[in-house]
Each structure stands twice: as C-alpha cells, then as structure tokens.
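Novice: Contents are CSV, C-alpha atoms; file name model-v9.csv:
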```csv
chain,number,residue,atom,x,y,z
A,1,MET,CA,0.0,0.0,0.0
A,2,VAL,CA,1.5,3.3,-1.1
A,3,SER,CA,1.1,6.2,1.2
A,4,GLY,CA,-0.1,9.7,0.1
A,5,LYS,CA,3.4,11.2,0.7
A,6,GLU,CA,5.1,8.6,-1.5
A,7,PHE,CA,2.5,9.0,-4.2
A,8,ARG,CA,3.1,12.8,-4.3
A,9,SER,CA,6.8,12.4,-4.4
A,10,SER,CA,6.5,10.0,-7.3
A,11,LEU,CA,4.7,12.7,-9.3
A,12,ARG,CA,7.7,15.0,-9.1
A,13,LYS,CA,10.0,12.4,-10.6
A,14,PRO,CA,10.7,12.8,-14.4
A,15,LEU,CA,9.2,10.3,-16.8
A,16,PRO,CA,11.4,7.5,-18.1
A,17,ASN,CA,13.7,8.5,-21.0
A,18,SER,CA,12.7,12.1,-20.6
A,19,ARG,CA,15.2,15.0,-20.9
A,20,LYS,CA,16.5,16.5,-17.7
A,21,ALA,CA,15.4,20.1,-17.1
A,22,LYS,CA,18.3,22.6,-17.5
A,23,GLY,CA,18.2,25.8,-15.6
A,24,CYS,CA,14.9,27.5,-14.8
A,25,ARG,CA,11.6,27.7,-16.6
A,26,VAL,CA,11.2,31.1,-18.3
A,27,VAL,CA,7.8,32.7,-17.6
A,28,PRO,CA,6.3,36.1,-18.4
A,29,ALA,CA,6.3,38.9,-15.8
A,30,PHE,CA,3.4,40.0,-13.7
A,31,THR,CA,1.7,36.5,-13.8
A,32,ILE,CA,1.0,33.8,-11.2
A,33,GLN,CA,3.7,31.7,-12.9
A,34,ALA,CA,6.3,34.3,-11.8
A,35,LEU,CA,5.6,33.3,-8.1
A,36,GLN,CA,6.3,29.7,-8.7
A,37,LYS,CA,9.6,28.0,-7.7
A,38,GLY,CA,12.2,27.2,-10.3
A,39,THR,CA,11.1,29.9,-12.7
A,40,CYS,CA,12.9,32.9,-14.3
A,41,VAL,CA,10.9,36.0,-15.2
A,42,ILE,CA,11.4,37.5,-18.7
A,43,PRO,CA,12.6,41.1,-18.4
A,44,PRO,CA,10.1,43.7,-19.6
A,45,PRO,CA,10.5,44.6,-23.4
A,46,LYS,CA,12.1,47.9,-24.4
A,47,CYS,CA,9.6,50.5,-25.6
A,48,ASN,CA,12.0,51.7,-28.3
A,49,ALA,CA,10.6,55.2,-28.1
A,50,TYR,CA,13.4,56.6,-30.4
A,51,LYS,CA,13.4,53.8,-32.9
A,52,GLU,CA,13.3,55.0,-36.5
A,53,GLU,CA,10.2,53.9,-38.4
A,54,PHE,CA,10.0,54.6,-42.1
A,55,PRO,CA,6.8,53.9,-44.1
A,56,LYS,CA,6.8,50.6,-46.0
A,57,VAL,CA,5.7,52.3,-49.3
A,58,MET,CA,7.3,55.5,-50.5
A,59,LYS,CA,4.4,57.1,-52.4
A,60,PHE,CA,6.4,60.0,-53.7
A,61,ARG,CA,9.0,57.7,-55.2
A,62,GLN,CA,6.3,55.7,-56.9
A,63,ASN,CA,4.6,58.8,-58.4
A,64,TYR,CA,8.0,60.1,-59.7
A,65,LEU,CA,8.8,56.8,-61.3
A,66,ARG,CA,5.4,56.7,-62.9
A,67,GLY,CA,5.9,60.2,-64.4
A,68,ASN,CA,3.1,61.8,-62.4
A,69,LEU,CA,5.3,64.7,-61.2
A,70,PRO,CA,5.9,67.8,-63.4
A,71,ILE,CA,9.6,68.0,-62.3
A,72,SER,CA,12.8,66.7,-63.7
A,73,MET,CA,16.6,67.0,-63.5
A,74,GLU,CA,18.5,69.2,-66.0
A,75,ALA,CA,21.2,67.4,-67.9
A,76,LYS,CA,23.7,70.2,-67.3
A,77,GLY,CA,24.3,71.4,-63.8
A,78,GLY,CA,22.1,68.9,-62.1
A,79,LYS,CA,19.4,71.5,-61.2
A,80,VAL,CA,15.8,70.8,-60.8
A,81,SER,CA,13.5,72.2,-63.5
A,82,TRP,CA,9.7,72.3,-63.8
A,83,LYS,CA,7.8,71.0,-66.8
A,84,ALA,CA,4.9,73.3,-66.2
A,85,ASP,CA,4.1,76.8,-64.8
A,86,ILE,CA,3.9,76.5,-60.9
A,87,ALA,CA,1.2,79.1,-60.7
A,88,LYS,CA,-1.1,77.1,-63.0
A,89,LEU,CA,-0.6,73.7,-61.1
A,90,ASP,CA,-3.5,72.1,-59.2
A,91,PHE,CA,-2.2,72.6,-55.7
A,92,HIS,CA,-4.8,70.2,-54.2
A,93,TYR,CA,-3.3,67.4,-56.2
A,94,TYR,CA,0.4,68.2,-56.4
A,95,LEU,CA,1.3,69.9,-53.0
A,96,PRO,CA,0.3,66.9,-50.8
A,97,MET,CA,2.1,64.6,-53.3
A,98,PHE,CA,5.3,66.6,-52.8
A,99,PHE,CA,4.8,66.6,-49.0
A,100,GLU,CA,4.8,62.8,-49.1
A,101,GLY,CA,8.4,63.1,-50.2
A,102,LEU,CA,9.5,64.5,-46.8
A,103,CYS,CA,10.2,60.9,-45.7
A,104,GLU,CA,12.8,60.4,-48.5
A,105,THR,CA,16.5,60.2,-47.5
A,106,GLU,CA,17.9,59.2,-50.9
A,107,ASN,CA,18.6,61.4,-53.9
A,108,PRO,CA,17.2,62.4,-56.4
A,109,TYR,CA,13.9,61.8,-54.6
A,110,LYS,CA,14.9,63.9,-51.6
A,111,LEU,CA,16.1,66.7,-53.8
A,112,PHE,CA,12.9,66.7,-55.9
A,113,ALA,CA,10.6,66.7,-52.9
A,114,GLN,CA,12.4,69.5,-51.0
A,115,GLN,CA,12.8,71.7,-54.1
A,116,GLY,CA,9.3,71.1,-55.2
A,117,ILE,CA,7.8,72.0,-51.8
A,118,HIS,CA,10.0,75.1,-51.6
A,119,ASP,CA,9.0,76.4,-55.0
A,120,MET,CA,5.3,75.7,-54.5
A,121,LEU,CA,5.2,77.4,-51.1
A,122,THR,CA,7.1,80.4,-52.5
A,123,HIS,CA,4.9,80.9,-55.6
A,124,GLY,CA,1.6,79.3,-54.3
A,125,GLY,CA,0.1,82.4,-52.5
A,126,PRO,CA,-3.6,81.9,-51.7
A,127,LYS,CA,-3.6,78.4,-53.3
A,128,ILE,CA,-1.8,77.0,-50.3
A,129,PHE,CA,-4.4,77.6,-47.5
A,130,PRO,CA,-7.1,75.3,-48.9
A,131,CYS,CA,-4.6,72.4,-49.0
A,132,ILE,CA,-3.8,72.4,-45.2
A,133,PRO,CA,-6.0,69.4,-44.2
A,134,GLN,CA,-4.3,67.3,-46.9
A,135,LEU,CA,-0.8,68.2,-45.7
A,136,ILE,CA,-1.3,67.1,-42.1
A,137,ILE,CA,-0.9,63.3,-42.6
A,138,PRO,CA,2.3,63.6,-44.7
A,139,ILE,CA,3.8,66.0,-42.0
A,140,LYS,CA,2.8,63.6,-39.3
A,141,ASP,CA,4.2,60.5,-41.1
A,142,ALA,CA,7.5,62.4,-41.7
A,143,LEU,CA,7.9,63.3,-38.0
A,144,LYS,CA,6.9,59.7,-37.0
A,145,THR,CA,10.0,58.3,-38.7
A,146,LYS,CA,12.1,59.8,-35.8
A,147,ASN,CA,14.9,60.1,-38.2
A,148,LYS,CA,17.0,63.2,-37.4
A,149,GLU,CA,17.5,64.3,-41.0
A,150,VAL,CA,13.9,63.8,-42.0
A,151,MET,CA,12.6,65.6,-38.9
A,152,CYS,CA,14.9,68.6,-39.4
A,153,THR,CA,13.8,68.9,-43.0
A,154,THR,CA,10.1,68.6,-42.0
A,155,LEU,CA,10.4,71.3,-39.3
A,156,ARG,CA,12.0,73.7,-41.8
A,157,VAL,CA,9.3,73.0,-44.3
A,158,LEU,CA,6.7,73.5,-41.5
A,159,GLN,CA,8.2,76.9,-40.7
A,160,HIS,CA,8.1,77.9,-44.4
A,161,LEU,CA,4.5,76.7,-44.6
A,162,ILE,CA,3.4,78.9,-41.7
A,163,LYS,CA,5.1,82.0,-43.0
A,164,SER,CA,3.8,81.5,-46.6
A,165,ASN,CA,0.3,82.8,-45.5
A,166,ASP,CA,-0.9,84.7,-42.5
A,167,ARG,CA,-3.9,82.4,-42.0
A,168,ILE,CA,-2.0,79.1,-42.0
A,169,GLY,CA,-0.7,79.5,-38.4
A,170,GLU,CA,-4.2,79.6,-36.9
A,171,ALA,CA,-5.5,76.9,-39.3
A,172,LEU,CA,-2.9,74.5,-37.9
A,173,VAL,CA,-4.0,74.8,-34.3
A,174,PRO,CA,-6.7,72.1,-34.5
A,175,TYR,CA,-4.0,69.7,-35.8
A,176,TYR,CA,-1.5,70.1,-33.0
A,177,ARG,CA,-2.6,66.8,-31.5
A,178,GLN,CA,-1.3,65.0,-34.6
A,179,ILE,CA,1.9,67.0,-35.1
A,180,LEU,CA,3.3,67.9,-31.7
A,181,PRO,CA,3.4,64.6,-29.6
A,182,VAL,CA,6.5,63.3,-31.5
A,183,LEU,CA,8.3,66.7,-30.9
A,184,ASN,CA,7.8,66.3,-27.2
A,185,LEU,CA,10.2,63.3,-27.3
A,186,PHE,CA,13.1,65.3,-28.8
A,187,LYS,CA,12.5,68.8,-27.4
A,188,GLU,CA,15.1,68.4,-24.7
A,189,LYS,CA,17.3,65.9,-26.5
A,190,ASN,CA,20.2,68.2,-27.0
A,191,VAL,CA,23.8,67.0,-27.7
A,192,ASN,CA,26.1,67.3,-24.8
A,193,CYS,CA,29.6,67.8,-26.4
A,194,GLY,CA,31.3,69.3,-23.3
A,195,ASP,CA,34.0,71.8,-24.3
A,196,GLU,CA,33.8,70.9,-28.0
A,197,ILE,CA,32.0,73.0,-30.6
A,198,ASP,CA,28.6,71.8,-31.8
A,199,TYR,CA,28.7,72.6,-35.5
A,200,SER,CA,25.1,71.4,-36.0
A,201,GLN,CA,23.9,74.7,-34.4
A,202,MET,CA,25.9,76.6,-37.0
A,203,ARG,CA,24.4,74.5,-39.8
A,204,GLY,CA,20.9,74.7,-38.4
A,205,ASP,CA,20.8,70.9,-38.0
A,206,ASN,CA,20.3,70.8,-34.2
A,207,LEU,CA,17.0,69.0,-33.8
A,208,ALA,CA,16.2,70.3,-30.3
A,209,ASP,CA,16.9,73.9,-31.4
A,210,LEU,CA,14.8,73.5,-34.5
A,211,ILE,CA,11.9,72.1,-32.4
A,212,ASN,CA,11.9,75.1,-30.0
A,213,GLU,CA,12.2,77.5,-32.9
A,214,THR,CA,9.2,75.9,-34.7
A,215,LEU,CA,7.1,75.9,-31.5
A,216,GLU,CA,7.8,79.7,-31.1
A,217,ILE,CA,6.7,80.3,-34.7
A,218,LEU,CA,3.6,78.2,-34.1
A,219,GLU,CA,2.8,80.4,-31.1
A,220,MET,CA,3.5,83.7,-32.8
A,221,TYR,CA,1.3,82.9,-35.9
A,222,GLY,CA,-1.3,80.6,-34.2
A,223,GLY,CA,-3.4,83.3,-32.5
A,224,GLU,CA,-4.8,83.4,-29.0
A,225,ASP,CA,-5.3,79.6,-28.5
A,226,ALA,CA,-1.9,78.5,-29.8
A,227,PHE,CA,0.1,78.7,-26.6
A,228,ILE,CA,-2.6,76.8,-24.5
A,229,ASN,CA,-2.7,74.0,-27.0
A,230,ILE,CA,1.1,73.8,-27.3
A,231,LYS,CA,1.5,73.8,-23.5
A,232,TYR,CA,-1.1,71.0,-23.2
A,233,LEU,CA,0.9,68.7,-25.5
A,234,ILE,CA,4.4,69.9,-24.6
A,235,PRO,CA,4.4,70.9,-20.9
A,236,THR,CA,8.0,72.0,-20.8
A,237,TYR,CA,7.4,74.7,-23.5
A,238,GLU,CA,7.6,78.3,-22.2
A,239,SER,CA,5.9,81.1,-24.1
A,240,CYS,CA,8.1,83.4,-26.2
A,241,MET,CA,5.5,86.2,-26.2
A,242,MET,CA,4.4,86.3,-22.6
A,243,ASN,CA,7.9,86.5,-21.1
```
What do you get writing this file as structure tokens?
Specialist:
Amino acid sequence: MVSGKEFRSSLRKPLPNSRKAKGCRVVPAFTIQALQKGTCVIPPPKCNAYKEEFPKVMKFRQNYLRGNLPISMEAKGGKVSWKADIAKLDFHYYLPMFFEGLCETENPYKLFAQQGIHDMLTHGGPKIFPCIPQLIIPIKDALKTKNKEVMCTTLRVLQHLIKSNDRIGEALVPYYRQILPVLNLFKEKNVNCGDEIDYSQMRGDNLADLINETLEILEMYGGEDAFINIKYLIPTYESCMMN
C-alpha cells in the first residue's frame, strides 16, 4: 500500500527516457507563474521610443517613377526644373504629393521633394491655404520616422508653410494633437559635447533647437489659442510672447 506522501513524491519524478530540465523555466512577468519556484521572469521589453520607423511604401517615389510629377533634373548642372508653370498647377493634387516626399532620404527623390515644396510654397500664394488638411498626414508621417535628417527637413518646411500665408498658423492649431506629440520626445534631447564645438547649431541641424524655434513660430502665428494647445501637449514649453 503506497502512502499519500510517497505518491506525491513520485509525481515529481521525471518520466522514463525524458530529458533532464536545464536551468529554470522562463515565464512572463506579472503573472501567477512568476511566483512559482524554479522559474525565471522574462525582463520587460524595451519600448524603443526613439526607434526609427519609415513607411513601407514611399508614395512620392512611386509617383515620380510613374511620371506623375511635373519636375525633372536638368542634364547640365544637375538642377531641378519644372515642366509646367507652378502658378497654374493644381495645388490640391500636387502639393500633398510633394509633401509625401519628406520621408525620402535618398537622392534624387529627396532633392525633388524638397525643391518642389520650396517652389510651390514660394509661388503658391492663396492656393496653399485650402490644402492644409491634406498636408497634415504627410507631415505627421515624416515626423513619426524619428529620423533626425527627416525631422529637421520637415520642421524647416513647416516653418516655411506657416510663413507663406498669414492664416495658416491659426489653421494648424486644431492639428497640434497630430503633429506635436513626437516633438515632445526630442525637445530636450540636445547634444552634450562638453567643451567641444557643436557645428550642428551653426548649420541649423540641431534638432532640439529647431523644435523650439518651430514651436515659437507656431505660437506667434497661431493666434490666442496657440500657446494653450502647445502647452497641453508639450508641458516644458515656455511662451516666447508672454515673457
């Protein structure tokens, strides 16, 4: 007759021809299994808040390869030239298409996108304002890449966009919730180079400085509600007009 104690001890024995357990059993954190003996808890995963994320499909590149863009490269000098008069272009169609190229990091696509945006914002005039809702998603996608080069380019374009028309600054206020959260991650992420010279400030490539400069422009051109909305999304921002 086998006693209850002997029976329970026999259950703990490995089965015949079974492999011996090596080390501890790995279990997820914050579960009942983590309280069991002979277990190792998996460390929490990294959030990767600063991980670069590029879109899977580069729409601007596809449109250029299909010949949908009225822009090309000159054979001599390597300059960008337009195939049509910029003032006569359909801004509702072409301006968002060029803004989709903000995510590009390879030439000639990067050059075409940046030059196309600059020329259209310079010569667009009143045609730019009605296109604002269509530009928000390309701007948001470019900032979401978290790539320093892409973000710096996008912030400079955003500054140019705001200054191209007096009404654009106020029109962007409802879209702060889509644009500003990513900037909150990098606003205080300045390079600490000690006694060395930070040449990125001289070139205008310092991301933290560009973010602060862009926020100040958003406040100056955004009207009465601009500062409240910026402060809500970026608590560390200090007004450049009240002080």
Novice: At a cut-off of 9 Å, using only C-alpha atoms, what residues contact segment 122-130 of chain A? Leave out same-chain residues fewer than 5 positions from it and give the result as a ChimeraX atom specification.
Specialist: /A:86-87,90-92,95,117,160-161,164-165,167-168,171
Novice: Which residue is closest to Leu218 of chain A? Choose from A:Lys37, A:Lys51, A:Lys231, A:Lys83 and count all atoms listed in the file.
Specialist: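 Going through A:Lys37, A:Lys51, A:Lys231, A:Lys83 one by one, the smallest distance to Leu218 of chain A is for A:Lys231.
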Novice: Work out how far atom CA of Gln178 of chain A is from atom CA of Met242 of chain A, in Å to one decimal.
Specialist: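 Here the two named atoms are 25.1 Å from each other.
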Novice: What does the distance from atom CA of Val80 of chain A to atom CA of Gln115 of chain A come to in Å, to one decimal?
Specialist: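 One can read the atom CA of Val80 of chain A to atom CA of Gln115 of chain A distance as 7.4 Å.
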Novice: Considering only C-alpha atoms, return as a short mmCIF file (atom, residue, chain, number, x, y, z; two decimals) with C-alpha atoms, in the frame of the given file whatever protein or nucleic-acid residues lie within 10 Å of segment 62-77 of chain A, sequence-local ones (same chain, fewer than 3 positions apart) excluded.
Specialist:
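The result, written out as part_33.cif:
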```cif
data_model
loop_
_atom_site.label_atom_id
_atom_site.label_comp_id
_atom_site.auth_asym_id
_atom_site.auth_seq_id
_atom_site.Cartn_x
_atom_site.Cartn_y
_atom_site.Cartn_z
CA VAL A 57 5.70 52.30 -49.30
CA MET A 58 7.30 55.50 -50.50
CA LYS A 59 4.40 57.10 -52.40
CA VAL A 80 15.80 70.80 -60.80
CA SER A 81 13.50 72.20 -63.50
CA TRP A 82 9.70 72.30 -63.80
CA LYS A 83 7.80 71.00 -66.80
CA ALA A 84 4.90 73.30 -66.20
CA ASP A 85 4.10 76.80 -64.80
CA ILE A 86 3.90 76.50 -60.90
CA LEU A 89 -0.60 73.70 -61.10
CA TYR A 94 0.40 68.20 -56.40
CA MET A 97 2.10 64.60 -53.30
CA PHE A 98 5.30 66.60 -52.80
CA GLY A 101 8.40 63.10 -50.20
CA PRO A 108 17.20 62.40 -56.40
CA TYR A 109 13.90 61.80 -54.60
CA LEU A 111 16.10 66.70 -53.80
CA PHE A 112 12.90 66.70 -55.90
CA ALA A 113 10.60 66.70 -52.90
CA GLN A 115 12.80 71.70 -54.10
CA GLY A 116 9.30 71.10 -55.20
#
```
Novice: Measuring between only C-alpha atoms, which one of A:Asn206, A:Asn229, A:Thr105, A:Asn147 shows the shortest distance to Val182 of chain A?
Specialist: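 Using only C-alpha atoms, Val182 of chain A sits closest to A:Asn147.
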Novice: What would segment 136-159 of chain A look like with N, CA, C and O atoms restored, written as a short mmCIF file (atom, residue, chain, number, x, y, z; two decimals), in the frame of the given file?
Specialist:
```
data_model
loop_
_atom_site.label_atom_id
_atom_site.label_comp_id
_atom_site.auth_asym_id
_atom_site.auth_seq_id
_atom_site.Cartn_x
_atom_site.Cartn_y
_atom_site.Cartn_z
N ILE A 136 -1.49 67.49 -43.46
CA ILE A 136 -1.30 67.10 -42.10
C ILE A 136 -0.71 65.66 -41.99
O ILE A 136 0.26 65.39 -41.27
N ILE A 137 -1.32 64.74 -42.71
CA ILE A 137 -0.90 63.30 -42.60
C ILE A 137 0.54 63.17 -43.16
O ILE A 137 1.35 62.48 -42.51
N PRO A 138 0.93 63.76 -44.31
CA PRO A 138 2.30 63.60 -44.70
C PRO A 138 3.31 64.24 -43.71
O PRO A 138 4.39 63.68 -43.49
N ILE A 139 2.95 65.37 -43.07
CA ILE A 139 3.80 66.00 -42.00
C ILE A 139 3.93 65.02 -40.85
O ILE A 139 5.02 64.79 -40.31
N LYS A 140 2.80 64.48 -40.43
CA LYS A 140 2.80 63.60 -39.30
C LYS A 140 3.62 62.32 -39.58
O LYS A 140 4.40 61.86 -38.74
N ASP A 141 3.48 61.75 -40.78
CA ASP A 141 4.20 60.50 -41.10
C ASP A 141 5.73 60.82 -41.19
O ASP A 141 6.54 59.96 -40.80
N ALA A 142 6.11 62.01 -41.65
CA ALA A 142 7.50 62.40 -41.70
C ALA A 142 8.12 62.49 -40.31
O ALA A 142 9.23 62.03 -40.04
N LEU A 143 7.38 63.12 -39.40
CA LEU A 143 7.90 63.30 -38.00
C LEU A 143 7.89 61.93 -37.29
O LEU A 143 8.75 61.70 -36.43
N LYS A 144 6.97 61.04 -37.63
CA LYS A 144 6.90 59.70 -37.00
C LYS A 144 8.09 58.84 -37.34
O LYS A 144 8.36 57.85 -36.64
N THR A 145 8.83 59.15 -38.40
CA THR A 145 10.00 58.30 -38.70
C THR A 145 11.07 58.43 -37.65
O THR A 145 11.89 57.53 -37.49
N LYS A 146 11.09 59.56 -36.89
CA LYS A 146 12.10 59.80 -35.80
C LYS A 146 13.49 59.77 -36.33
O LYS A 146 14.43 59.52 -35.57
N ASN A 147 13.62 60.01 -37.62
CA ASN A 147 14.90 60.10 -38.20
C ASN A 147 15.36 61.60 -38.14
O ASN A 147 14.59 62.49 -38.54
N LYS A 148 16.55 61.87 -37.64
CA LYS A 148 17.00 63.20 -37.40
C LYS A 148 16.97 64.08 -38.66
O LYS A 148 16.47 65.21 -38.67
N GLU A 149 17.48 63.54 -39.75
CA GLU A 149 17.50 64.30 -41.00
C GLU A 149 16.15 64.60 -41.52
O GLU A 149 15.86 65.74 -41.93
N VAL A 150 15.25 63.62 -41.48
CA VAL A 150 13.90 63.80 -42.00
C VAL A 150 13.15 64.81 -41.09
O VAL A 150 12.42 65.69 -41.58
N MET A 151 13.32 64.72 -39.78
CA MET A 151 12.60 65.60 -38.90
C MET A 151 13.10 67.06 -39.03
O MET A 151 12.29 68.00 -39.02
N CYS A 152 14.40 67.26 -39.20
CA CYS A 152 14.90 68.60 -39.40
C CYS A 152 14.37 69.22 -40.70
O CYS A 152 13.96 70.39 -40.73
N THR A 153 14.34 68.42 -41.76
CA THR A 153 13.80 68.90 -43.00
C THR A 153 12.31 69.24 -42.89
O THR A 153 11.84 70.28 -43.37
N THR A 154 11.56 68.38 -42.19
CA THR A 154 10.10 68.60 -42.00
C THR A 154 9.85 69.86 -41.20
O THR A 154 8.92 70.62 -41.50
N LEU A 155 10.64 70.10 -40.16
CA LEU A 155 10.40 71.30 -39.30
C LEU A 155 10.73 72.57 -40.11
O LEU A 155 10.02 73.57 -39.96
N ARG A 156 11.76 72.54 -40.95
CA ARG A 156 12.00 73.70 -41.80
C ARG A 156 10.92 73.96 -42.79
O ARG A 156 10.55 75.12 -43.06
N VAL A 157 10.38 72.88 -43.35
CA VAL A 157 9.30 73.00 -44.30
C VAL A 157 8.02 73.54 -43.54
O VAL A 157 7.28 74.38 -44.07
N LEU A 158 7.80 73.08 -42.32
CA LEU A 158 6.70 73.50 -41.50
C LEU A 158 6.78 75.03 -41.23
O LEU A 158 5.78 75.77 -41.29
N GLN A 159 7.98 75.50 -40.95
CA GLN A 159 8.20 76.90 -40.70
C GLN A 159 7.90 77.73 -42.00
O GLN A 159 7.25 78.79 -41.95
#
```
